[in-house]
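Reproduced below: query.txt, with compact mmCIF, C-alpha atoms.
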# COMPACT_ATOMS: atom_id res chain seq x y z
CA MET A 218 135.76 95.27 41.41
CA GLN A 219 136.75 98.91 41.96
CA LYS A 220 136.52 100.03 45.60
CA ARG A 221 134.38 103.16 45.79
CA LEU A 222 133.78 105.82 48.43
CA ARG A 223 130.92 104.07 50.24
CA ASP A 224 133.03 100.92 50.55
CA TYR A 225 135.04 102.97 53.07
CA GLY A 226 131.89 103.83 54.99
CA ILE A 227 131.85 107.44 53.74
CA LYS A 228 128.44 108.77 52.72
CA ILE A 229 127.93 112.21 51.19
CA GLY A 230 124.62 113.89 52.01
CA THR A 231 121.24 112.42 52.92
CA LEU A 232 119.50 111.78 49.60
CA PRO A 233 119.43 108.15 48.40
CA THR A 234 121.52 107.10 45.40
CA GLY A 235 120.41 105.15 42.37
CA PRO A 236 121.26 101.43 42.10
CA PHE A 237 124.61 102.04 40.35
CA ASN A 238 125.32 105.36 42.08
CA LYS A 239 126.41 106.61 38.65
CA ILE A 240 125.14 108.92 35.93
CA THR A 241 123.73 105.87 34.14
CA ASP A 242 121.06 105.56 36.82
CA VAL A 243 119.25 108.10 34.63
CA LYS A 244 117.33 105.83 32.25
CA GLY A 245 118.79 105.76 28.74
CA VAL A 246 122.12 107.37 29.65
CA LYS A 247 125.19 105.31 28.76
CA VAL A 248 128.94 105.87 29.06
CA GLY A 249 131.84 104.40 27.07
CA HIS A 250 135.63 104.75 27.07
CA SER A 251 138.68 104.32 24.88
CA THR A 252 142.03 104.38 26.69
CA ILE A 253 145.70 104.67 25.70
CA SER A 254 148.22 103.82 28.42
CA LYS A 255 151.65 103.27 26.87
CA GLY A 256 154.65 104.96 28.48
CA GLU A 257 154.52 108.69 27.76
CA ILE A 258 151.06 108.41 26.19
CA GLN A 259 148.39 108.40 28.90
CA THR A 260 145.12 109.67 27.48
CA GLY A 261 141.77 108.67 26.00
CA VAL A 262 138.18 109.48 25.11
CA THR A 263 134.97 109.16 27.14
CA ALA A 264 131.52 109.26 25.50
CA ILE A 265 128.20 110.05 27.20
CA ILE A 266 124.99 109.16 25.31
CA PRO A 267 121.90 111.08 26.52
CA HIS A 268 119.42 108.38 25.40
CA GLU A 269 119.12 105.35 23.15
CA GLN A 270 117.10 106.95 20.35
CA ASN A 271 118.50 109.08 17.53
CA VAL A 272 119.74 112.12 19.47
CA PHE A 273 119.77 114.45 16.44
CA ASN A 274 116.11 113.78 15.64
CA ASN A 275 115.10 113.58 19.30
CA LYS A 276 116.99 116.36 21.02
CA VAL A 277 116.90 116.85 24.79
CA VAL A 278 116.84 119.96 26.93
CA ALA A 279 120.37 121.13 27.74
CA ALA A 280 122.38 123.96 29.29
CA SER A 281 125.98 124.80 30.08
CA TYR A 282 127.74 126.98 32.62
CA ALA A 283 131.34 128.13 32.87
CA MET A 284 132.27 128.68 36.51
CA ASN A 285 135.70 129.66 35.21
CA GLY A 286 136.16 129.70 31.46
CA PHE A 287 139.81 128.67 31.07
CA GLY A 288 138.79 125.84 28.73
CA LYS A 289 138.38 124.81 25.11
CA THR A 290 134.94 123.24 25.21
CA MET A 291 133.04 123.01 21.90
CA GLY A 292 129.30 123.20 21.27
CA THR A 293 128.08 125.16 24.28
CA LEU A 294 127.26 128.36 22.37
CA GLN A 295 124.45 126.81 20.34
CA MET A 296 123.41 124.65 23.29
CA ASP A 297 122.71 127.73 25.39
CA GLU A 298 121.05 129.61 22.54
CA LEU A 299 118.61 126.84 21.58
CA GLY A 300 118.47 125.02 24.91
CA THR A 301 119.03 121.56 23.44
CA ILE A 302 121.71 118.96 22.79
CA GLU A 303 121.71 116.87 19.60
CA THR A 304 124.83 114.67 19.82
CA PRO A 305 126.58 112.50 22.36
CA ILE A 306 129.07 114.34 24.60
CA LEU A 307 132.75 113.49 24.17
CA LEU A 308 135.48 114.19 26.74
CA THR A 309 139.20 114.05 25.87
CA ASN A 310 142.48 115.95 26.27
CA THR A 311 142.84 119.61 25.33
CA LEU A 312 144.71 119.17 22.04
CA SER A 313 142.34 116.44 20.82
CA VAL A 314 139.15 118.51 20.79
CA GLY A 315 139.44 118.96 17.02
CA VAL A 316 139.87 115.30 16.13
CA ALA A 317 137.10 114.32 18.55
CA ALA A 318 134.76 116.83 16.90
CA ASP A 319 135.70 115.67 13.38
CA HIS A 320 134.85 112.06 14.12
CA LEU A 321 131.77 112.80 16.20
CA ILE A 322 130.51 114.77 13.20
CA SER A 323 131.24 111.85 10.85
CA TYR A 324 129.47 109.51 13.30
CA MET A 325 126.40 111.76 13.24
CA LEU A 326 126.48 112.05 9.42
CA GLU A 327 126.37 108.27 9.12
CA GLN A 328 123.34 108.09 11.40
CA ASN A 329 121.51 111.04 9.82
CA LYS A 330 121.65 111.23 6.03
CA GLU A 331 119.69 114.48 6.05
CA ILE A 332 122.39 116.52 7.85
CA GLY A 333 123.97 118.98 5.43
CA ASP A 334 121.59 117.89 2.66
CA THR A 335 117.91 118.47 3.37
CA THR A 336 118.43 120.04 6.78
CA GLY A 337 121.12 122.08 8.56
CA THR A 338 124.38 121.00 10.13
CA VAL A 339 125.06 119.44 13.53
CA ASN A 340 126.45 120.82 16.80
CA PRO A 341 129.03 118.42 18.32
CA VAL A 342 129.65 118.78 22.07
CA ILE A 343 133.24 118.20 23.21
CA GLY A 344 134.76 118.81 26.63
CA GLU A 345 138.44 118.69 27.59
CA CYS A 346 141.04 118.82 30.33
CA ASN A 347 144.81 119.18 29.99
CA ASP A 348 146.57 115.88 30.79
CA MET A 349 150.11 116.98 29.87
CA PHE A 350 151.64 116.11 33.28
CA LEU A 351 151.30 112.40 32.51
CA ASN A 352 150.60 112.47 28.78
CA ASN A 353 152.80 113.73 25.93
CA ILE A 354 149.94 115.83 24.64
CA ARG A 355 152.00 117.14 21.70
CA LYS A 356 151.83 113.69 20.12
CA GLN A 357 148.07 114.17 19.54
CA SER A 358 147.59 110.44 19.89
CA ILE A 359 143.78 110.36 19.75
CA THR A 360 142.50 109.04 16.41
CA ARG A 361 139.21 108.18 14.73
CA ASN A 362 139.45 104.66 16.16
CA HIS A 363 139.54 105.94 19.73
CA VAL A 364 136.51 108.18 19.21
CA ARG A 365 134.56 105.36 17.58
CA GLU A 366 135.61 102.85 20.24
CA ALA A 367 134.32 105.08 23.03
CA LEU A 368 131.00 105.56 21.20
CA ALA A 369 130.70 101.83 20.44
CA ASN A 370 131.46 100.79 24.03
CA VAL A 371 128.73 102.80 25.76
CA ASN A 372 126.91 100.90 28.49
CA THR A 373 125.13 101.43 31.80
CA HIS A 374 128.10 99.74 33.53
CA PHE A 375 131.38 101.61 33.11
CA GLU A 376 134.70 101.95 34.88
CA GLU A 377 135.87 105.04 36.73
CA GLY A 378 139.28 106.49 37.54
CA SER A 379 142.20 105.94 35.15
CA ILE A 380 140.07 105.18 32.12
CA GLY A 381 139.07 106.94 28.90
CA ALA A 382 139.55 110.70 29.04
CA GLY A 383 140.56 110.30 32.69
CA MET A 384 143.68 108.24 31.96
CA GLY A 385 146.16 111.13 32.23
CA MET A 386 144.40 113.45 34.66
CA LYS A 387 145.79 115.01 37.84
CA CYS A 388 143.58 116.15 40.71
CA PHE A 389 144.76 117.74 43.99
CA GLY A 390 148.28 116.56 43.17
CA LEU A 391 146.98 112.97 43.06
CA LYS A 392 145.76 110.78 40.23
CA GLY A 393 142.44 112.13 38.94
CA GLY A 394 140.10 110.90 36.23
CA ILE A 395 136.51 109.78 35.74
CA GLY A 396 134.10 109.65 38.67
CA SER A 397 130.33 109.41 38.97
CA SER A 398 127.46 109.48 41.44
CA SER A 399 123.67 109.84 41.46
CA ARG A 400 120.77 110.86 43.67
CA ILE A 401 117.04 110.06 43.74
CA LEU A 402 114.61 112.98 43.90
CA THR A 403 111.18 112.43 45.47
CA TYR A 404 108.16 114.65 44.84
CA PRO A 405 104.37 114.23 45.08
CA HIS A 406 104.30 114.11 41.28
CA GLY A 407 106.91 111.35 41.01
CA ASN A 408 110.43 110.11 41.61
CA TYR A 409 113.33 111.21 39.41
CA THR A 410 117.06 110.62 39.11
CA LEU A 411 119.95 113.06 38.84
CA GLY A 412 123.41 111.77 37.94
CA VAL A 413 126.83 113.39 37.69
CA LEU A 414 129.99 112.39 35.83
CA VAL A 415 133.24 114.30 36.30
CA LEU A 416 136.56 114.46 34.51
CA SER A 417 138.74 115.71 37.38
CA ASN A 418 142.00 117.55 36.71
CA PHE A 419 142.15 120.45 39.19
CA GLY A 420 143.13 121.55 42.68
CA GLU A 421 146.07 121.95 45.04
CA ILE A 422 146.95 119.17 47.49
CA ASP A 423 147.13 121.69 50.37
CA GLN A 424 143.43 122.46 49.91
CA PHE A 425 142.04 118.92 49.54
CA ARG A 426 139.12 117.98 51.77
CA LEU A 427 137.52 114.55 52.11
CA ASN A 428 133.93 114.74 53.37
CA GLY A 429 134.74 118.01 55.11
CA VAL A 430 138.00 116.83 56.69
CA HIS A 431 141.07 118.81 55.63
CA VAL A 432 143.31 115.85 54.75
CA GLY A 433 145.42 117.47 52.01
CA PRO A 434 148.35 118.50 54.23
CA VAL A 435 148.47 115.03 55.78
CA ILE A 436 148.66 113.36 52.37
CA LYS A 437 151.20 115.93 51.17
CA SER A 438 153.52 115.00 54.03
CA LYS A 439 153.50 111.41 52.76
CA LEU A 440 154.37 112.31 49.17
CA SER A 441 158.01 112.31 48.13
CA ALA A 442 157.46 115.33 45.88
CA THR A 443 154.63 117.65 44.97
CA SER A 444 154.09 119.91 42.00
CA PRO A 445 154.08 123.68 42.71
CA ASP A 446 151.82 124.39 39.73
CA GLY A 447 148.89 125.76 41.74
CA ASP A 448 145.29 125.26 40.69
CA LYS A 449 145.85 125.33 36.92
CA GLY A 450 143.91 122.24 35.97
CA SER A 451 140.29 121.86 34.94
CA ILE A 452 137.15 119.87 35.54
CA MET A 453 134.34 118.88 33.21
CA ILE A 454 131.12 118.12 35.07
CA ILE A 455 128.28 116.43 33.17
CA ILE A 456 124.87 116.41 34.88
CA ALA A 457 122.02 114.24 33.59
CA THR A 458 118.48 114.00 34.91
CA ASP A 459 115.00 112.84 33.96
CA LEU A 460 113.45 115.67 35.99
CA PRO A 461 111.21 117.72 33.67
CA VAL A 462 112.81 121.16 33.46
CA THR A 463 113.30 124.03 31.06
CA SER A 464 116.77 124.96 29.85
CA ARG A 465 116.69 127.97 32.17
CA GLN A 466 115.83 125.78 35.16
CA LEU A 467 118.51 123.29 34.15
CA LYS A 468 121.15 126.00 34.09
CA ARG A 469 120.13 126.94 37.62
CA ILE A 470 120.56 123.31 38.65
CA ILE A 471 123.96 122.71 37.06
CA LYS A 472 125.41 125.88 38.60
CA ARG A 473 125.16 124.07 41.95
CA ALA A 474 127.92 121.71 40.86
CA SER A 475 130.17 124.55 42.05
CA VAL A 476 129.06 123.79 45.62
CA GLY A 477 130.25 120.19 45.43
CA LEU A 478 133.42 121.32 43.70
CA SER A 479 134.27 123.81 46.45
CA ARG A 480 133.52 121.29 49.21
CA THR A 481 136.45 119.19 48.00
CA GLY A 482 138.79 122.18 48.30
CA SER A 483 138.70 123.91 44.94
CA PHE A 484 138.86 127.70 44.96
CA ILE A 485 138.25 127.80 41.19
CA GLY A 486 141.67 129.19 40.33
CA ASN A 487 142.58 131.56 37.52
CA GLY A 488 144.05 128.78 35.37
CA SER A 489 141.29 126.25 36.00
CA GLY A 490 138.55 125.56 33.45
CA ASP A 491 135.49 124.61 35.51
CA ILE A 492 132.79 123.86 32.96
CA PHE A 493 129.41 122.22 33.55
CA VAL A 494 127.10 120.68 30.94
CA GLY A 495 123.65 119.37 31.80
CA PHE A 496 120.77 117.69 30.02
CA SER A 497 117.29 116.44 30.89
CA THR A 498 115.75 113.46 29.10
CA ALA A 499 112.21 114.22 30.28
CA ASN A 500 111.19 116.14 27.16
CA LYS A 501 112.27 115.11 23.67
CA ILE A 502 112.31 117.89 21.06
CA SER A 503 111.80 116.81 17.46
CA HIS A 504 114.24 118.16 14.90
CA GLU A 505 111.42 118.50 12.38
CA ASN A 506 108.74 121.14 12.68
CA ASN A 507 105.42 119.24 12.53
CA ASN A 508 103.42 122.49 12.49
CA THR A 509 101.84 121.84 15.87
CA LEU A 510 102.43 123.34 19.29
CA GLN A 511 105.16 121.72 21.34
CA THR A 512 104.02 119.94 24.50
CA PHE A 513 106.36 120.42 27.42
CA LYS A 514 106.33 119.59 31.13
CA ALA A 515 108.39 121.38 33.77
CA VAL A 516 108.52 121.42 37.56
CA HIS A 517 107.63 124.42 39.69
CA GLU A 518 110.54 126.59 40.79
CA ASP A 519 109.94 125.56 44.40
CA ASP A 520 110.83 121.99 43.42
CA LEU A 521 114.35 122.93 42.38
CA ASP A 522 115.90 123.03 45.86
CA GLN A 523 116.03 119.24 46.05
CA ALA A 524 117.74 119.11 42.63
CA PHE A 525 120.21 121.78 43.80
CA LEU A 526 121.10 119.65 46.83
CA ALA A 527 121.38 116.50 44.71
CA THR A 528 123.75 118.23 42.29
CA ALA A 529 126.00 119.52 45.07
CA ASP A 530 126.18 116.14 46.85
CA ALA A 531 126.57 114.01 43.72
CA THR A 532 129.30 116.30 42.37
CA GLU A 533 131.27 116.09 45.60
CA GLU A 534 130.96 112.32 45.67
CA ALA A 535 131.82 111.95 41.96
CA ILE A 536 135.05 113.90 42.45
CA LEU A 537 136.04 111.72 45.39
CA GLN A 538 135.13 108.60 43.37
CA SER A 539 137.47 109.76 40.59
CA LEU A 540 140.36 110.01 43.05
CA LEU A 541 139.67 106.72 44.80
CA THR A 542 139.15 104.59 41.70
CA ALA A 543 142.15 106.04 39.82
CA LYS A 544 145.28 103.90 39.83
CA THR A 545 148.78 105.14 40.62
CA THR A 546 150.27 105.95 37.22
CA THR A 547 153.69 106.85 35.77
CA GLY A 548 153.75 108.67 32.44
CA ARG A 549 155.61 111.41 30.57
CA ASN A 550 159.14 112.21 31.85
CA GLY A 551 158.68 109.58 34.56
CA ASN A 552 156.07 111.73 36.29
CA THR A 553 154.06 109.71 38.81
CA LEU A 554 150.68 110.43 40.38
CA TYR A 555 149.39 108.39 43.30
CA SER A 556 145.87 107.16 43.88
CA LEU A 557 143.94 108.47 46.88
CA ALA A 558 143.27 104.79 47.64
CA ASP A 559 146.97 104.40 48.53
CA PHE A 560 146.41 106.64 51.59
CA MET A 561 142.92 105.70 52.78
CA ASP A 562 143.70 102.90 55.27
CA GLU A 563 146.99 104.29 56.50
CA ILE A 564 146.16 107.96 56.91
CA ILE A 565 142.59 109.09 56.51
CA LEU A 566 140.56 106.55 58.37
CA LYS A 567 142.68 106.50 61.53
Serialized structure, structure tokens:
Amino acid sequence: MQKRLRDYGIKIGTLPTGPFNKITDVKGVKVGHSTISKGEIQTGVTAIIPHEQNVFNNKVVAASYAMNGFGKTMGTLQMDELGTIETPILLTNTLSVGVAADHLISYMLEQNKEIGDTTGTVNPVIGECNDMFLNNIRKQSITRNHVREALANVNTHFEEGSIGAGMGMKCFGLKGGIGSSSRILTYPHGNYTLGVLVLSNFGEIDQFRLNGVHVGPVIKSKLSATSPDGDKGSIMIIIATDLPVTSRQLKRIIKRASVGLSRTGSFIGNGSGDIFVGFSTANKISHENNNTLQTFKAVHEDDLDQAFLATADATEEAILQSLLTAKTTTGRNGNTLYSLADFMDEIILK
């Protein structure tokens, strides 16, 4: 069993979490991984499924936001124009965006015979971070099998840390990767869930903060060597919710991931791609026009503050989860990144 943040007695914020404290607390959302960890190849694919129905025929409200656009994400242009998502979301390394898109497209074609025949095409959503410190990214090791494995393995229970797309990631000079957290929202009109999943690959060790405590310099003093690269990494933040919102409201919500990001010590550097993608499962939008008015529910603007807080807190916790659950890893050129867990008992909790 992976030891997570709350196992150390550290609690972020005041809102309650869902039962898993993961993005999959949002009903219908599932996550799957495919991982390669062989010497100089340390990489993988992570898949996020918005719901268990046919996503192309039953689209969900979506939005994206680039806090800093030094990234190669695919699919966000149409997402923001139409306000929907119609495929699973795939995360991988920077130079594997193309192969991930190719095989996500083929996956969607198999499920939907009408695509490219009696209807239009499909908009695959791919996010990336650069894992070249640990992974020989020039090898372009991701194949169709890895994409399909991640999609086939989706479940409500999933590992964090050095897994899937997170296998080769570096965060605050430590081992980064996949992390997740969730929060429960309570209103007079009902209870809802908001979940966050991050692919963390950003930050400078000098700036790292753990629950508001500036621990980066302490950890740095324990490392035999640190990289002087600066904040040139990236982070993909995926936010899911069943709160009924419009695409415009959802974009307002996902922007608050920047608050959680900055709490951990990020200053959103010039070379960092900080990209957020969100979706709400509350309203399904049919691909076909049935010649009737669309029915749509959305919360009042005054209800958004709680979702803003949930996004900030869950993002902060998800980033810390990614660092704690990641395993110390040696990869390309003998480069080694250490897990935050290696320092918790000795340094941080004293």
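A straight line drawn from CA of Arg365 (chain A) to CA of Thr290 (chain A) is 19.4 Å long.
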Inset, instruction - Identify, on the basis of all atoms listed in the file, every residue whose closest approach to Leu460 (chain A) does not exceed 10 Å; exclude the query and any residue fewer than 2 positions from it along the same chain; express the result as a list in words. - result: Val243, Leu402, Gly407, Asn408, Tyr409, Thr410, Leu411, Ala457, Thr458, Val462, Thr463, Leu467, Phe496, Ser497, Thr498, Ala499, Asn500, Lys514, Ala515, Val516, Leu521 and Ala524 of chain A
Those same residues - C-alpha atoms - I'd like them written as a short mmCIF file (atom, residue, chain, number, x, y, z; two decimals), in the coordinates of the input.
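As a result, out39.cif now contains:
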data_model
loop_
_atom_site.label_atom_id
_atom_site.label_comp_id
_atom_site.auth_asym_id
_atom_site.auth_seq_id
_atom_site.Cartn_x
_atom_site.Cartn_y
_atom_site.Cartn_z
CA VAL A 243 119.25 108.10 34.63
CA LEU A 402 114.61 112.98 43.90
CA GLY A 407 106.91 111.35 41.01
CA ASN A 408 110.43 110.11 41.61
CA TYR A 409 113.33 111.21 39.41
CA THR A 410 117.06 110.62 39.11
CA LEU A 411 119.95 113.06 38.84
CA ALA A 457 122.02 114.24 33.59
CA THR A 458 118.48 114.00 34.91
CA VAL A 462 112.81 121.16 33.46
CA THR A 463 113.30 124.03 31.06
CA LEU A 467 118.51 123.29 34.15
CA PHE A 496 120.77 117.69 30.02
CA SER A 497 117.29 116.44 30.89
CA THR A 498 115.75 113.46 29.10
CA ALA A 499 112.21 114.22 30.28
CA ASN A 500 111.19 116.14 27.16
CA LYS A 514 106.33 119.59 31.13
CA ALA A 515 108.39 121.38 33.77
CA VAL A 516 108.52 121.42 37.56
CA LEU A 521 114.35 122.93 42.38
CA ALA A 524 117.74 119.11 42.63
#
Inset, instruction - Could you jot down the CA of Glu563 (chain A) to CA of Lys437 (chain A) separation for me, Å, one decimal place? - result: 13.5 Å
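Nearest residue to Ile229 (chain A) among A:Ser281, A:Asn340, A:Asn271, A:Thr532 is A:Thr532, counting all atoms listed in the file.
Going from CA of Gly495 (chain A) to CA of Val272 (chain A) covers 14.8 Å.
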Legend entry - For Ser539 (chain A), the nearest of the candidates A:Tyr282, A:Tyr225, A:Phe389, A:Phe513, counting all atoms listed in the file: A:Phe389
Inset, instruction - Go through A:Gly300, A:Gly420, A:Pro405, A:Gly315 one by one, measure the shortest atom-to-atom distance of each to Lys387 (chain A) using all atoms listed in the file, and give the residue with the smallest value. - result: A:Gly420
List as a short mmCIF file (atom, residue, chain, number, x, y, z; two decimals) with C-alpha atoms, in the coordinates of the input the protein and nucleic acid residues near Met349 (chain A), meaning an atom at most 8 Å away when all atoms listed in the file are counted, but skip any in the same chain fewer than 5 places from it.
data_model
loop_
_atom_site.label_atom_id
_atom_site.label_comp_id
_atom_site.auth_asym_id
_atom_site.auth_seq_id
_atom_site.Cartn_x
_atom_site.Cartn_y
_atom_site.Cartn_z
CA ILE A 354 149.94 115.83 24.64
CA GLY A 385 146.16 111.13 32.23
CA ARG A 549 155.61 111.41 30.57
#
Inset, instruction - Identify which of the residues A:Ser464, A:Phe560, A:Leu321, A:Gly486 lies closest to Val435 (chain A), counting all atoms listed in the file when measuring atom-to-atom distances. - result: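 Looking at the shortest contact to Val435 (chain A), the residue is A:Phe560.
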Inset, instruction - For Lys220 (chain A), work out the shell of residues within 8 Å, counting all atoms listed in the file and skipping chain neighbours fewer than 4 positions away, then give it as an MDAnalysis selection string. - result: chainID A and resid 224 541:542
Legend entry - Spatial neighbours of region 254-266 of chain A, 7 Å, all atoms listed in the file, chain gap at least 2 places, as a PyMOL selection string: chain A and resi 246-252+268+305-310+351-353+359+363-364+367-368+381-385+548-549
Inset, instruction - Return the single residue from A:Gln538, A:Gln523, A:Val476, A:Lys544 that is closest to Ile380 (chain A), with distances computed using only C-alpha atoms. - result: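 Closest to Ile380 (chain A) of all the choices is A:Lys544.
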